[in-house]
file upload.txt (compact mmCIF, N, CA and C atoms)
# COMPACT_ATOMS: atom_id res chain seq x y z
N MET A 133 87.11 56.79 120.53
CA MET A 133 88.23 57.22 119.72
C MET A 133 88.73 56.04 118.90
N ILE A 134 89.02 56.29 117.64
CA ILE A 134 89.56 55.27 116.74
C ILE A 134 91.00 55.63 116.41
N THR A 135 91.89 54.66 116.55
CA THR A 135 93.30 54.88 116.28
C THR A 135 93.80 53.79 115.34
N PHE A 136 94.65 54.20 114.40
CA PHE A 136 95.28 53.26 113.47
C PHE A 136 96.76 53.15 113.80
N PHE A 137 97.24 51.91 113.88
CA PHE A 137 98.64 51.64 114.17
C PHE A 137 99.21 50.69 113.13
N ASN A 138 100.52 50.70 112.99
CA ASN A 138 101.24 49.71 112.20
C ASN A 138 102.12 48.90 113.14
N GLU A 139 102.20 47.61 112.86
CA GLU A 139 103.07 46.73 113.64
C GLU A 139 103.85 45.88 112.65
N ASP A 140 105.11 46.05 112.56
CA ASP A 140 106.05 45.29 111.73
C ASP A 140 105.91 45.51 110.23
N ILE A 141 105.10 46.46 109.81
CA ILE A 141 104.99 46.82 108.39
C ILE A 141 104.83 48.33 108.29
N SER A 142 104.98 48.84 107.09
CA SER A 142 104.69 50.23 106.81
C SER A 142 103.43 50.27 105.95
N PHE A 143 102.38 50.83 106.47
CA PHE A 143 101.11 50.90 105.74
C PHE A 143 100.44 52.22 106.05
N ASN A 144 99.96 52.88 105.03
CA ASN A 144 99.28 54.16 105.20
C ASN A 144 97.85 54.03 104.68
N LEU A 145 96.90 53.93 105.58
CA LEU A 145 95.50 53.84 105.21
C LEU A 145 95.07 55.15 104.55
N LYS A 146 94.43 55.03 103.39
CA LYS A 146 93.93 56.22 102.69
C LYS A 146 92.73 56.78 103.43
N HIS A 147 92.56 58.08 103.36
CA HIS A 147 91.37 58.76 103.87
C HIS A 147 91.07 58.42 105.34
N LYS A 148 92.08 58.56 106.18
CA LYS A 148 91.93 58.19 107.60
C LYS A 148 90.77 58.90 108.28
N LEU A 149 90.66 60.20 108.10
CA LEU A 149 89.59 60.95 108.78
C LEU A 149 88.22 60.53 108.29
N LYS A 150 88.07 60.35 106.99
CA LYS A 150 86.78 59.89 106.45
C LYS A 150 86.47 58.48 106.92
N THR A 151 87.50 57.65 106.98
CA THR A 151 87.30 56.27 107.45
C THR A 151 86.88 56.25 108.91
N LYS A 152 87.49 57.09 109.73
CA LYS A 152 87.08 57.17 111.14
C LYS A 152 85.63 57.63 111.26
N SER A 153 85.25 58.64 110.49
CA SER A 153 83.86 59.13 110.52
C SER A 153 82.90 58.04 110.09
N TRP A 154 83.28 57.30 109.06
CA TRP A 154 82.45 56.20 108.56
C TRP A 154 82.29 55.12 109.63
N LEU A 155 83.39 54.72 110.26
CA LEU A 155 83.32 53.68 111.29
C LEU A 155 82.46 54.12 112.47
N LYS A 156 82.58 55.39 112.84
CA LYS A 156 81.73 55.93 113.92
C LYS A 156 80.26 55.87 113.53
N LYS A 157 79.97 56.15 112.26
CA LYS A 157 78.58 56.09 111.77
C LYS A 157 78.07 54.65 111.81
N VAL A 158 78.91 53.69 111.45
CA VAL A 158 78.52 52.28 111.52
C VAL A 158 78.16 51.91 112.96
N VAL A 159 79.00 52.33 113.90
CA VAL A 159 78.74 52.06 115.32
C VAL A 159 77.39 52.65 115.73
N GLU A 160 77.15 53.88 115.33
CA GLU A 160 75.89 54.55 115.65
C GLU A 160 74.70 53.82 115.03
N LEU A 161 74.80 53.45 113.76
CA LEU A 161 73.70 52.76 113.08
C LEU A 161 73.42 51.38 113.68
N GLU A 162 74.45 50.78 114.27
CA GLU A 162 74.28 49.48 114.91
C GLU A 162 73.77 49.61 116.35
N GLY A 163 73.59 50.85 116.82
CA GLY A 163 73.03 51.07 118.15
C GLY A 163 74.03 51.04 119.29
N PHE A 164 75.28 51.34 118.99
CA PHE A 164 76.33 51.32 120.01
C PHE A 164 76.95 52.70 120.18
N ARG A 165 77.74 52.84 121.25
CA ARG A 165 78.56 54.03 121.48
C ARG A 165 80.01 53.68 121.19
N MET A 166 80.76 54.65 120.73
CA MET A 166 82.17 54.42 120.42
C MET A 166 83.01 54.65 121.66
N GLY A 167 83.79 53.65 122.00
CA GLY A 167 84.81 53.79 123.04
C GLY A 167 86.16 53.88 122.36
N ASN A 168 87.13 53.15 122.86
CA ASN A 168 88.46 53.12 122.24
C ASN A 168 88.57 51.92 121.33
N LEU A 169 88.83 52.20 120.06
CA LEU A 169 88.96 51.16 119.06
C LEU A 169 90.30 51.32 118.35
N ASN A 170 91.09 50.26 118.37
CA ASN A 170 92.41 50.29 117.73
C ASN A 170 92.43 49.31 116.57
N TYR A 171 92.84 49.81 115.41
CA TYR A 171 93.12 48.95 114.27
C TYR A 171 94.64 48.86 114.16
N ILE A 172 95.15 47.65 114.14
CA ILE A 172 96.58 47.43 114.05
C ILE A 172 96.86 46.70 112.74
N PHE A 173 97.51 47.39 111.82
CA PHE A 173 97.86 46.81 110.53
C PHE A 173 99.20 46.10 110.67
N CYS A 174 99.26 44.87 110.17
CA CYS A 174 100.45 44.05 110.37
C CYS A 174 100.66 43.10 109.19
N SER A 175 101.68 42.26 109.30
CA SER A 175 102.00 41.28 108.27
C SER A 175 101.27 39.96 108.54
N ASP A 176 101.31 39.08 107.54
CA ASP A 176 100.79 37.73 107.72
C ASP A 176 101.46 37.02 108.89
N ASN A 177 102.79 37.11 108.96
CA ASN A 177 103.53 36.42 110.02
C ASN A 177 103.12 36.90 111.40
N TYR A 178 102.98 38.21 111.55
CA TYR A 178 102.61 38.79 112.84
C TYR A 178 101.22 38.30 113.26
N LEU A 179 100.26 38.35 112.34
CA LEU A 179 98.90 37.94 112.67
C LEU A 179 98.82 36.42 112.86
N HIS A 180 99.60 35.68 112.11
CA HIS A 180 99.63 34.23 112.29
C HIS A 180 100.08 33.88 113.70
N GLN A 181 101.10 34.58 114.19
CA GLN A 181 101.59 34.34 115.54
C GLN A 181 100.50 34.62 116.58
N ILE A 182 99.76 35.70 116.40
CA ILE A 182 98.65 36.00 117.31
C ILE A 182 97.60 34.89 117.24
N ASN A 183 97.31 34.44 116.03
CA ASN A 183 96.32 33.39 115.83
C ASN A 183 96.72 32.11 116.56
N VAL A 184 98.00 31.75 116.48
CA VAL A 184 98.49 30.54 117.16
C VAL A 184 98.50 30.75 118.67
N GLU A 185 99.05 31.87 119.10
CA GLU A 185 99.25 32.10 120.54
C GLU A 185 97.95 32.30 121.31
N TYR A 186 97.02 33.09 120.76
CA TYR A 186 95.82 33.44 121.52
C TYR A 186 94.59 32.61 121.16
N LEU A 187 94.54 32.10 119.94
CA LEU A 187 93.34 31.38 119.50
C LEU A 187 93.60 29.92 119.18
N ASP A 188 94.87 29.51 119.25
CA ASP A 188 95.26 28.14 118.98
C ASP A 188 94.85 27.69 117.57
N HIS A 189 94.91 28.62 116.62
CA HIS A 189 94.62 28.34 115.20
C HIS A 189 95.91 28.51 114.41
N ASP A 190 96.35 27.45 113.76
CA ASP A 190 97.59 27.51 112.97
C ASP A 190 97.25 27.78 111.51
N THR A 191 96.60 28.92 111.26
CA THR A 191 96.20 29.30 109.91
C THR A 191 96.44 30.79 109.70
N LEU A 192 96.52 31.17 108.44
CA LEU A 192 96.57 32.59 108.10
C LEU A 192 95.14 33.12 108.10
N THR A 193 95.02 34.38 108.45
CA THR A 193 93.71 35.04 108.43
C THR A 193 93.93 36.50 108.11
N ASP A 194 92.87 37.17 107.68
CA ASP A 194 92.99 38.59 107.36
C ASP A 194 92.74 39.49 108.56
N ILE A 195 92.03 38.96 109.56
CA ILE A 195 91.65 39.82 110.69
C ILE A 195 91.42 38.98 111.95
N ILE A 196 91.80 39.56 113.06
CA ILE A 196 91.47 39.00 114.38
C ILE A 196 90.98 40.16 115.24
N THR A 197 89.85 39.95 115.89
CA THR A 197 89.22 40.99 116.70
C THR A 197 89.21 40.58 118.16
N PHE A 198 89.67 41.48 119.01
CA PHE A 198 89.61 41.27 120.46
C PHE A 198 88.67 42.31 121.06
N ASP A 199 87.65 41.83 121.73
CA ASP A 199 86.67 42.71 122.36
C ASP A 199 87.16 43.09 123.76
N ASN A 200 87.37 44.38 123.98
CA ASN A 200 87.83 44.88 125.28
C ASN A 200 86.75 45.65 126.03
N SER A 201 85.52 45.56 125.56
CA SER A 201 84.46 46.38 126.16
C SER A 201 84.13 45.90 127.57
N GLU A 202 83.87 46.86 128.41
CA GLU A 202 83.46 46.58 129.78
C GLU A 202 82.05 47.08 130.05
N GLU A 203 81.56 47.95 129.18
CA GLU A 203 80.21 48.49 129.32
C GLU A 203 79.35 48.01 128.16
N GLU A 204 78.11 47.64 128.48
CA GLU A 204 77.19 47.21 127.45
C GLU A 204 76.96 48.35 126.46
N GLN A 205 76.82 47.97 125.20
CA GLN A 205 76.54 48.91 124.11
C GLN A 205 77.68 49.89 123.83
N THR A 206 78.87 49.61 124.34
CA THR A 206 80.04 50.44 124.05
C THR A 206 81.06 49.59 123.30
N ILE A 207 81.53 50.14 122.20
CA ILE A 207 82.52 49.44 121.37
C ILE A 207 83.92 49.79 121.85
N GLU A 208 84.66 48.77 122.27
CA GLU A 208 86.07 48.91 122.64
C GLU A 208 86.77 47.65 122.20
N GLY A 209 87.90 47.81 121.54
CA GLY A 209 88.61 46.61 121.12
C GLY A 209 89.86 46.89 120.34
N ASP A 210 90.54 45.79 120.02
CA ASP A 210 91.74 45.81 119.18
C ASP A 210 91.46 44.90 117.99
N ILE A 211 91.65 45.45 116.80
CA ILE A 211 91.40 44.71 115.57
C ILE A 211 92.70 44.65 114.79
N PHE A 212 93.24 43.45 114.64
CA PHE A 212 94.48 43.24 113.92
C PHE A 212 94.15 42.86 112.48
N VAL A 213 94.80 43.52 111.53
CA VAL A 213 94.52 43.31 110.11
C VAL A 213 95.83 42.98 109.39
N SER A 214 95.86 41.84 108.72
CA SER A 214 97.01 41.49 107.88
C SER A 214 96.83 42.16 106.52
N VAL A 215 97.64 43.15 106.25
CA VAL A 215 97.56 43.86 104.98
C VAL A 215 97.89 42.91 103.83
N GLU A 216 98.84 42.01 104.04
CA GLU A 216 99.19 41.03 103.00
C GLU A 216 97.98 40.16 102.64
N ARG A 217 97.25 39.71 103.65
CA ARG A 217 96.09 38.85 103.42
C ARG A 217 95.01 39.64 102.69
N VAL A 218 94.81 40.89 103.06
CA VAL A 218 93.80 41.73 102.40
C VAL A 218 94.18 41.92 100.93
N GLN A 219 95.46 42.15 100.66
CA GLN A 219 95.92 42.29 99.28
C GLN A 219 95.66 41.01 98.49
N ASP A 220 96.01 39.88 99.06
CA ASP A 220 95.78 38.60 98.37
C ASP A 220 94.30 38.34 98.16
N ASN A 221 93.49 38.62 99.17
CA ASN A 221 92.04 38.41 99.05
C ASN A 221 91.45 39.30 97.96
N ALA A 222 91.91 40.54 97.89
CA ALA A 222 91.42 41.45 96.86
C ALA A 222 91.72 40.89 95.47
N LYS A 223 92.93 40.39 95.28
CA LYS A 223 93.30 39.78 94.00
C LYS A 223 92.44 38.55 93.72
N ASP A 224 92.32 37.66 94.72
CA ASP A 224 91.54 36.43 94.54
C ASP A 224 90.08 36.71 94.22
N LEU A 225 89.53 37.75 94.82
CA LEU A 225 88.11 38.10 94.63
C LEU A 225 87.89 39.08 93.48
N SER A 226 88.99 39.52 92.87
CA SER A 226 88.94 40.50 91.77
C SER A 226 88.19 41.76 92.17
N VAL A 227 88.54 42.26 93.35
CA VAL A 227 87.97 43.52 93.83
C VAL A 227 89.11 44.48 94.13
N PRO A 228 88.86 45.78 94.08
CA PRO A 228 89.92 46.74 94.43
C PRO A 228 90.35 46.58 95.89
N PHE A 229 91.64 46.79 96.13
CA PHE A 229 92.16 46.73 97.49
C PHE A 229 91.38 47.66 98.41
N ASP A 230 91.05 48.87 97.95
CA ASP A 230 90.35 49.84 98.79
C ASP A 230 88.99 49.30 99.26
N ASP A 231 88.30 48.55 98.41
CA ASP A 231 87.03 47.93 98.82
C ASP A 231 87.26 46.82 99.83
N GLU A 232 88.28 46.01 99.59
CA GLU A 232 88.54 44.89 100.49
C GLU A 232 88.99 45.36 101.87
N ILE A 233 89.78 46.43 101.92
CA ILE A 233 90.20 46.93 103.24
C ILE A 233 88.99 47.48 103.98
N LEU A 234 88.08 48.14 103.28
CA LEU A 234 86.85 48.62 103.94
C LEU A 234 86.02 47.45 104.47
N ARG A 235 85.93 46.38 103.66
CA ARG A 235 85.17 45.22 104.09
C ARG A 235 85.76 44.64 105.37
N VAL A 236 87.08 44.55 105.43
CA VAL A 236 87.74 43.97 106.60
C VAL A 236 87.58 44.89 107.81
N LEU A 237 87.72 46.19 107.62
CA LEU A 237 87.53 47.13 108.73
C LEU A 237 86.11 47.00 109.28
N ALA A 238 85.13 46.93 108.39
CA ALA A 238 83.74 46.77 108.82
C ALA A 238 83.53 45.41 109.49
N HIS A 239 84.14 44.38 108.93
CA HIS A 239 83.99 43.03 109.45
C HIS A 239 84.40 42.95 110.93
N GLY A 240 85.58 43.49 111.24
CA GLY A 240 86.04 43.47 112.62
C GLY A 240 85.10 44.25 113.54
N LEU A 241 84.64 45.38 113.07
CA LEU A 241 83.72 46.20 113.86
C LEU A 241 82.40 45.47 114.07
N LEU A 242 81.91 44.79 113.05
CA LEU A 242 80.65 44.05 113.19
C LEU A 242 80.77 42.91 114.19
N HIS A 243 81.97 42.30 114.28
CA HIS A 243 82.17 41.30 115.33
C HIS A 243 81.98 41.93 116.71
N LEU A 244 82.50 43.14 116.88
CA LEU A 244 82.34 43.83 118.18
C LEU A 244 80.88 44.22 118.44
N CYS A 245 80.10 44.32 117.37
CA CYS A 245 78.66 44.63 117.51
C CYS A 245 77.84 43.37 117.74
N GLY A 246 78.50 42.21 117.79
CA GLY A 246 77.80 40.98 118.12
C GLY A 246 77.54 40.04 116.96
N TYR A 247 77.97 40.37 115.76
CA TYR A 247 77.77 39.48 114.62
C TYR A 247 78.84 38.38 114.62
N ASP A 248 78.43 37.19 114.21
CA ASP A 248 79.36 36.07 114.06
C ASP A 248 79.36 35.60 112.62
N ASP A 249 80.34 34.80 112.28
CA ASP A 249 80.42 34.24 110.93
C ASP A 249 80.86 32.78 110.98
N HIS A 250 80.37 32.06 111.98
CA HIS A 250 80.77 30.67 112.17
C HIS A 250 80.02 29.72 111.23
N THR A 251 78.79 30.08 110.89
CA THR A 251 78.00 29.24 109.98
C THR A 251 77.90 29.93 108.62
N ASP A 252 77.49 29.18 107.62
CA ASP A 252 77.31 29.75 106.28
C ASP A 252 76.26 30.86 106.30
N GLU A 253 75.19 30.66 107.06
CA GLU A 253 74.14 31.67 107.16
C GLU A 253 74.65 32.95 107.80
N GLU A 254 75.41 32.81 108.90
CA GLU A 254 75.97 33.98 109.57
C GLU A 254 76.96 34.71 108.65
N GLU A 255 77.77 33.95 107.94
CA GLU A 255 78.74 34.55 107.03
C GLU A 255 78.03 35.32 105.91
N ALA A 256 76.97 34.73 105.37
CA ALA A 256 76.21 35.39 104.31
C ALA A 256 75.58 36.69 104.82
N GLU A 257 75.03 36.65 106.05
CA GLU A 257 74.46 37.86 106.64
C GLU A 257 75.53 38.93 106.84
N MET A 258 76.70 38.51 107.30
CA MET A 258 77.81 39.44 107.52
C MET A 258 78.20 40.11 106.21
N ARG A 259 78.26 39.35 105.11
CA ARG A 259 78.64 39.91 103.81
C ARG A 259 77.63 40.96 103.35
N VAL A 260 76.36 40.68 103.57
CA VAL A 260 75.32 41.64 103.18
C VAL A 260 75.49 42.94 103.96
N ILE A 261 75.72 42.83 105.25
CA ILE A 261 75.87 44.03 106.09
C ILE A 261 77.16 44.77 105.73
N GLU A 262 78.24 44.04 105.51
CA GLU A 262 79.50 44.68 105.08
C GLU A 262 79.27 45.46 103.79
N SER A 263 78.60 44.84 102.83
CA SER A 263 78.34 45.50 101.54
C SER A 263 77.51 46.76 101.71
N LYS A 264 76.53 46.70 102.60
CA LYS A 264 75.70 47.88 102.89
C LYS A 264 76.55 49.02 103.41
N TYR A 265 77.47 48.71 104.31
CA TYR A 265 78.30 49.77 104.89
C TYR A 265 79.39 50.26 103.94
N ILE A 266 79.89 49.38 103.06
CA ILE A 266 80.83 49.83 102.03
C ILE A 266 80.11 50.82 101.11
N GLN A 267 78.88 50.51 100.77
CA GLN A 267 78.09 51.42 99.93
C GLN A 267 77.88 52.75 100.65
N LEU A 268 77.63 52.72 101.95
CA LEU A 268 77.50 53.95 102.74
C LEU A 268 78.78 54.77 102.64
N PHE A 269 79.93 54.12 102.74
CA PHE A 269 81.20 54.85 102.63
C PHE A 269 81.30 55.51 101.27
N ARG A 270 80.97 54.76 100.21
CA ARG A 270 81.06 55.30 98.85
C ARG A 270 80.13 56.49 98.64
N THR A 271 78.93 56.42 99.18
CA THR A 271 77.96 57.48 98.91
C THR A 271 78.10 58.68 99.85
N ASP A 272 78.46 58.45 101.10
CA ASP A 272 78.44 59.54 102.08
C ASP A 272 79.81 60.00 102.54
N PHE A 273 80.85 59.19 102.36
CA PHE A 273 82.14 59.53 102.98
C PHE A 273 83.30 59.61 102.00
N SER A 274 83.11 59.30 100.74
CA SER A 274 84.24 59.29 99.82
C SER A 274 84.32 60.54 98.97
N LYS A 275 83.53 61.54 99.31
CA LYS A 275 83.54 62.78 98.52
C LYS A 275 84.64 63.69 98.96

call {"tool": "encode", "arguments": {"input": "upload.txt", "output": "C-alpha cells"}}
result
Amino acid sequence: MITFFNEDISFNLKHKLKTKSWLKKVVELEGFRMGNLNYIFCSDNYLHQINVEYLDHDTLTDIITFDNSEEEQTIEGDIFVSVERVQDNAKDLSVPFDDEILRVLAHGLLHLCGYDDHTDEEEAEMRVIESKYIQLFRTDFSK
C-alpha cells in the first residue's frame, strides 16, 4: 500500500491514483513486492532537521529514504520529500515541477530497490533509470 502524507506544509500531489499505479509498476519491474510505502511531503526545515538528527548531515536535501523492510524483495519504507527543494531543483534544472517530483518519487523508491548514488557512476545510472520510469509514467499512466 502506498500512502501520501503532508507534514508541516499543504501540498496536493496531482494524479495520486495514477502515481500510485505507476510506483507499483516500478516496484514490479524492479522485481519486488509492494509492502507499506509512505511518502511524506514536507518543508526544507522539516527535512533538514531529519537530516541532522538521523543522518548527521547539516545540509538541505530533496529526499531522505528510510528502509523499513523486514522481508527480502518486499518494499517497505518512509520517503520524506522537501517540496521546496523539488521546486528549487526544477527551476535550477529548467524542468517542469511535475517531472521533478516524479524523478524524486522514483529516486526514493529506487533506493529501496537497492540502488545507490554515492559515486558519479551510481548517480549517472540512477538518472538513467529515473528517466526511463518518468517516460513510463508519461506513456502509460498520464492518460

call {"tool": "closest_residue", "arguments": {"input": "upload.txt", "among": "A:Ile261, A:Ile141, A:Leu268, A:Ile172", "to": "A:Ala238", "atoms": "only N, CA and C atoms"}}
result
A:Ile261

call {"tool": "select_by_dssp", "arguments": {"input": "upload.txt", "residues": "chain A", "states": "strand (DSSP E)", "output": "PyMOL selection string"}}
result
chain A and resi 134-139+165-174+195-199+206-214

call {"tool": "atom_distance", "arguments": {"input": "upload.txt", "atom1": "atom CA of A:Arg165", "atom2": "atom C of A:Ile207"}}
result
6.8 Å

call {"tool": "closest_residue", "arguments": {"input": "upload.txt", "among": "A:Ser142, A:Thr151, A:Thr135, A:Ser214", "to": "A:Asp176", "atoms": "only C-alpha atoms"}}
result
A:Ser214

call {"tool": "axis_aligned_box", "arguments": {"input": "upload.txt", "around": "stretch 142-155 of chain A", "padding_each_side": "8 Å", "output": "AutoDock Vina command-line options"}}
result
--center_x 93.6 --center_y 54.9 --center_z 107.6 --size_x 38.7 --size_y 28.1 --size_z 25.8

call {"tool": "closest_residue", "arguments": {"input": "upload.txt", "among": "A:Asp210, A:Asp224, A:Glu253, A:Asp248", "to": "A:Asn170", "atoms": "all atoms listed in the file"}}
result
A:Asp210

call {"tool": "residues_around", "arguments": {"input": "upload.txt", "residues": "A:Leu244", "least_positions_apart": "6", "cutoff": "8 Å", "atoms": "only N, CA and C atoms", "output": "PyMOL selection string"}}
result
chain A and resi 197-200+206-209+238

call {"tool": "closest_residue", "arguments": {"input": "upload.txt", "among": "A:Glu162, A:Glu255, A:Trp154, A:Gln219", "to": "A:Thr271", "atoms": "only C-alpha atoms"}}
result
A:Trp154

call {"tool": "atom_distance", "arguments": {"input": "upload.txt", "atom1": "atom CA of A:Met258", "atom2": "atom CA of A:Ser175"}}
result
24.3 Å

call {"tool": "atom_distance", "arguments": {"input": "upload.txt", "atom1": "atom CA of A:Asp230", "atom2": "atom N of A:Lys146"}}
result
8.0 Å

call {"tool": "closest_residue", "arguments": {"input": "upload.txt", "among": "A:Ala256, A:Lys223, A:His243, A:Gln205", "to": "A:Gly163", "atoms": "only N, CA and C atoms"}}
result
A:Gln205

call {"tool": "closest_residue", "arguments": {"input": "upload.txt", "among": "A:Asp188, A:Leu237, A:Phe136, A:Thr251", "to": "A:Leu149", "atoms": "only C-alpha atoms"}}
result
A:Phe136

call {"tool": "residues_near_point", "arguments": {"input": "upload.txt", "point": "(99.7, 33.1, 109.9)", "cutoff": "6 Å", "atoms": "only N, CA and C atoms", "output": "PyMOL selection string"}}
result
chain A and resi 176-177+179-181+191-193

call {"tool": "select_by_dssp", "arguments": {"input": "upload.txt", "residues": "stretch 183-250 of chain A", "states": "alpha helix (DSSP H)", "output": "VMD selection string"}}
result
chain A and resid 183 to 187 215 to 225 229 to 244

call {"tool": "residues_around", "arguments": {"input": "upload.txt", "residues": "A:Phe173", "least_positions_apart": "2", "cutoff": "6 Å", "atoms": "only N, CA and C atoms", "output": "NGL selection string"}}
result
:A and (137-139 or 141 or 171 or 175 or 212-215)
